[in-house]
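Undergrad: Mind having a look at this structure? Questions to follow.
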Amino acid sequence: METAWSNILDYKNISDRYVLTEEDKKGAFARQYFEVYEARVNALKPRIIEIAERDIGKGKFKHISLSDAKQDEEIFVIGVIVKRIAARPSILKSLLNEDKVAYDDYEGDEEDDVKRYAGSSEDRIELESEKQTVRLDGAITMDECATGCCVGVLGKLGKEGVFHVNRLIWPSSKISKKSSAEGTIVFVSGLELTGDMEEDQLTISGLEFMSEWMNSEALGENQCPPIDRVVVIGPIVETKSNGCDVQSVVRTLTLSRTEKQSSAKALITVDKLISSIAEKPLVNTVDVTPGVGDPCSSMWPLPPIHRVCLQRCAMSQKKVNLVTNPYEFEVNGLRVMTMSGENVTELLRTSHKWTGADVLANLVKWQHVAPNCPDTLDAFPMAERDPLVMETTPHIIVCGNQPQAEFRRVPIDGSDSTCLVVCLPKFSKTRVACFLNLKDLSMKWQNFDHQY
């Protein structure tokens with residue numbers, strides 16, 4: 001007989017900063033996006049200076065603005081990185097020739113692969129500081145930064161108006177002391193149900209298989225440990241286009257294509273599946289975080305899916321938790337962050353060298369969840385704060401909807417701690433879930449494909 005699993009972990013949702021406040025919304029339609037970058041710099045500037053004083057030496061560098069820079073004088077400047085990519089897709093070019101805009105200078109091996117930019121000799125890196133811009137060269141490469149990163153640069157302004165970088169200084173990282181915890185958290189991403197039973201058959205059967213296995217009484221290696229939480233990372237329903245690529249935007253604006261919206265049938269199906277998993281006695285709680293295309297705002301940070309869209313889940317509020325994207329929580333002091341991965345996917349487009357784990361490691365170094373907001377990723381314009389700045393580095397970061405499963409332990413600068421970064425593939429494509437043991441942070445990748 002199945003015995004209900006008693007949750008002994010101290011859970012705390014710490015995603016409050018991702019929820020829009022009335023102050024955030026006030027005057028938002030008249031706001032400019034440069035205010036987002038100003039708020040980002042204001043948040044990270046003290047932490048960059050902290051590392052500069054530690055690594056270069058307090059009083060051993062001259063921190064001034066670009067406007068006060070003199071030729072061949074070594075100075076320290078803080079600003080925002082801007083990567084100028086010559087072949088960046090253009091809306092105007094798309095309107096002139098819609099059929100030929102499909103990322104001509106981007107490469108991808110398969111239909112589901114992320115199209116990668118091949119690079120150009122005309123590409124360059126610039127630093128924008130206090131509304132002034134300067135081109136960077138020297139000790140900086142295209143593969144160690146992204147548009148929107150805040151960084152301190154130590155170097156000299158040359159005759160040709162190019163800033164020669166001698167050293168980069170990234171923001172300081174803060175990580176809390178890791179506590180021990182007993183339990184297991186399951187992560188699933190990208191259900192992408194369509195509402196068509198034939199198309200969804202493998203995904204539905206995979207979820208049902210997972211639910212049965214998590215509540216079985218099998219012994220030995222096949223035994224499933226008691227599950228403290230199941231985190232379902234969106235998108236939970238499929239849309240043919242999420243509006244992120246140039247062709248989608250152009251065809252929508254010119255009324256040459258009708259965008260497919262979230263299917264009511266798909267929502268009913270996923271509502272039944274999630275509520276049935278939550279009702280199992282050996283599963284304690286299910287957290288549902290949205291992705292772009294789900295029935296909520298597509299601007300980062302994404303708000304929780306409204307309970308009216310998942311009515312069965314709404315009736316079991318204690319066991320189904322509808323949360324933000326990104327989603328951050330603590331269990332016994334262990335800090336975990338999940339995200340749906342659009343930020344990582346967009347950054348992958350700009351480099352042939354990066355993997356998903358490389359990007360997540362960079363996010364830890366840059367101390368920002370999505371520096372490409374609002375450049376290539378929609379974000380709500382905020383003037384006074386940037387909620388995507390990492391105030392405290394999580395012990396674990398799980399990113400959904402990635403091309404392949406991978407993980408890495410990223411060292412935290414200035415401490416003996418590490419951050420475990422995990423890339424999770426789409427369940428709709430792979431039927432793979434990640435089981436994380438909280439005691440030793442070991443992972444088990446479990447395949448629930450009947451054809452496997």
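As shown in the structure tokens, the chain order sets the letters A, B, ...; within each chain, residues go from 1, and ligands are also counted from 1 in the order they appear.
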With a cut-off of 6 Å, could you pull out the residues of region 310-359 of chain A touching region 393-405 of chain A and give me the nearest pair of atoms for each, distance in Å to one decimal, using only C-alpha atoms, ordered by chain and ascending number, as a Markdown table?
TA:
```
| residue | atom | partner | partner_atom | distance |
| --- | --- | --- | --- | --- |
| A:Arg335 | CA | A:Pro394 | CA | 4.9 |
| A:Val336 | CA | A:Ile396 | CA | 4.8 |
| A:Met337 | CA | A:Ile397 | CA | 4.8 |
| A:Thr338 | CA | A:Val398 | CA | 4.7 |
| A:Met339 | CA | A:Cys399 | CA | 5.0 |
| A:Ser340 | CA | A:Gly400 | CA | 4.8 |
| A:Gly341 | CA | A:Gly400 | CA | 5.3 |
```
Undergrad: So that I can see what lies close to region 175-185 of chain A, please list as a ChimeraX atom specification the residues with an atom at most 9 Å from it, counting only C-alpha atoms and leaving out residues fewer than 2 positions away in the same chain.
TA: /A:7-9,173,187,225-231,331-335,391-395,412,415,417-419,434-440
Undergrad: Find the residues around region 132-138 of chain A up to 8 Å (only C-alpha atoms counted), leave out those fewer than 5 positions away in its own chain, and share them as a compact mmCIF listing (two decimals) with N, CA, C and O atoms, in the first residue's frame.
TA:
```txt
# COMPACT_ATOMS: atom_id res chain seq x y z
N LEU A 66 34.39 58.08 -19.19
CA LEU A 66 35.02 58.15 -20.52
C LEU A 66 35.25 59.59 -20.97
O LEU A 66 36.23 59.89 -21.66
N SER A 67 34.34 60.48 -20.61
CA SER A 67 34.45 61.87 -21.05
C SER A 67 35.70 62.56 -20.48
O SER A 67 36.20 63.53 -21.05
N ARG A 124 32.55 43.72 -33.75
CA ARG A 124 33.38 44.44 -32.78
C ARG A 124 32.65 44.54 -31.45
O ARG A 124 31.45 44.32 -31.37
N ILE A 125 33.43 44.87 -30.42
CA ILE A 125 32.88 45.02 -29.07
C ILE A 125 33.02 46.48 -28.65
O ILE A 125 34.08 47.09 -28.84
N GLU A 126 31.95 47.01 -28.10
CA GLU A 126 31.97 48.38 -27.61
C GLU A 126 31.57 48.43 -26.15
O GLU A 126 30.92 47.50 -25.64
N LEU A 127 31.96 49.51 -25.48
CA LEU A 127 31.56 49.74 -24.09
C LEU A 127 30.79 51.04 -24.04
O LEU A 127 31.26 52.08 -24.52
N GLY A 161 41.02 56.46 -30.99
CA GLY A 161 39.75 56.46 -30.26
C GLY A 161 39.30 55.10 -29.82
O GLY A 161 38.14 54.92 -29.43
N VAL A 162 40.19 54.10 -29.87
CA VAL A 162 39.89 52.74 -29.42
C VAL A 162 40.48 52.55 -28.03
O VAL A 162 41.62 52.94 -27.77
N PHE A 163 39.70 51.94 -27.15
CA PHE A 163 40.15 51.68 -25.78
C PHE A 163 40.85 50.33 -25.75
O PHE A 163 40.25 49.30 -26.05
N HIS A 164 42.13 50.32 -25.40
CA HIS A 164 42.92 49.09 -25.34
C HIS A 164 42.80 48.49 -23.94
O HIS A 164 43.30 49.05 -22.96
N VAL A 165 42.13 47.35 -23.85
CA VAL A 165 41.83 46.71 -22.56
C VAL A 165 43.03 45.89 -22.08
O VAL A 165 43.55 45.04 -22.82
N ASN A 166 43.45 46.14 -20.86
CA ASN A 166 44.49 45.33 -20.23
C ASN A 166 43.91 44.29 -19.29
O ASN A 166 44.49 43.22 -19.10
```
Undergrad: Step one, run DSSP on the backbone; step two, keep only residues of region 136-353 of chain A assigned to alpha helix (DSSP H); then write them as a ChimeraX atom specification.
TA: /A:197-214,246-253,264-278,311-314,342-348
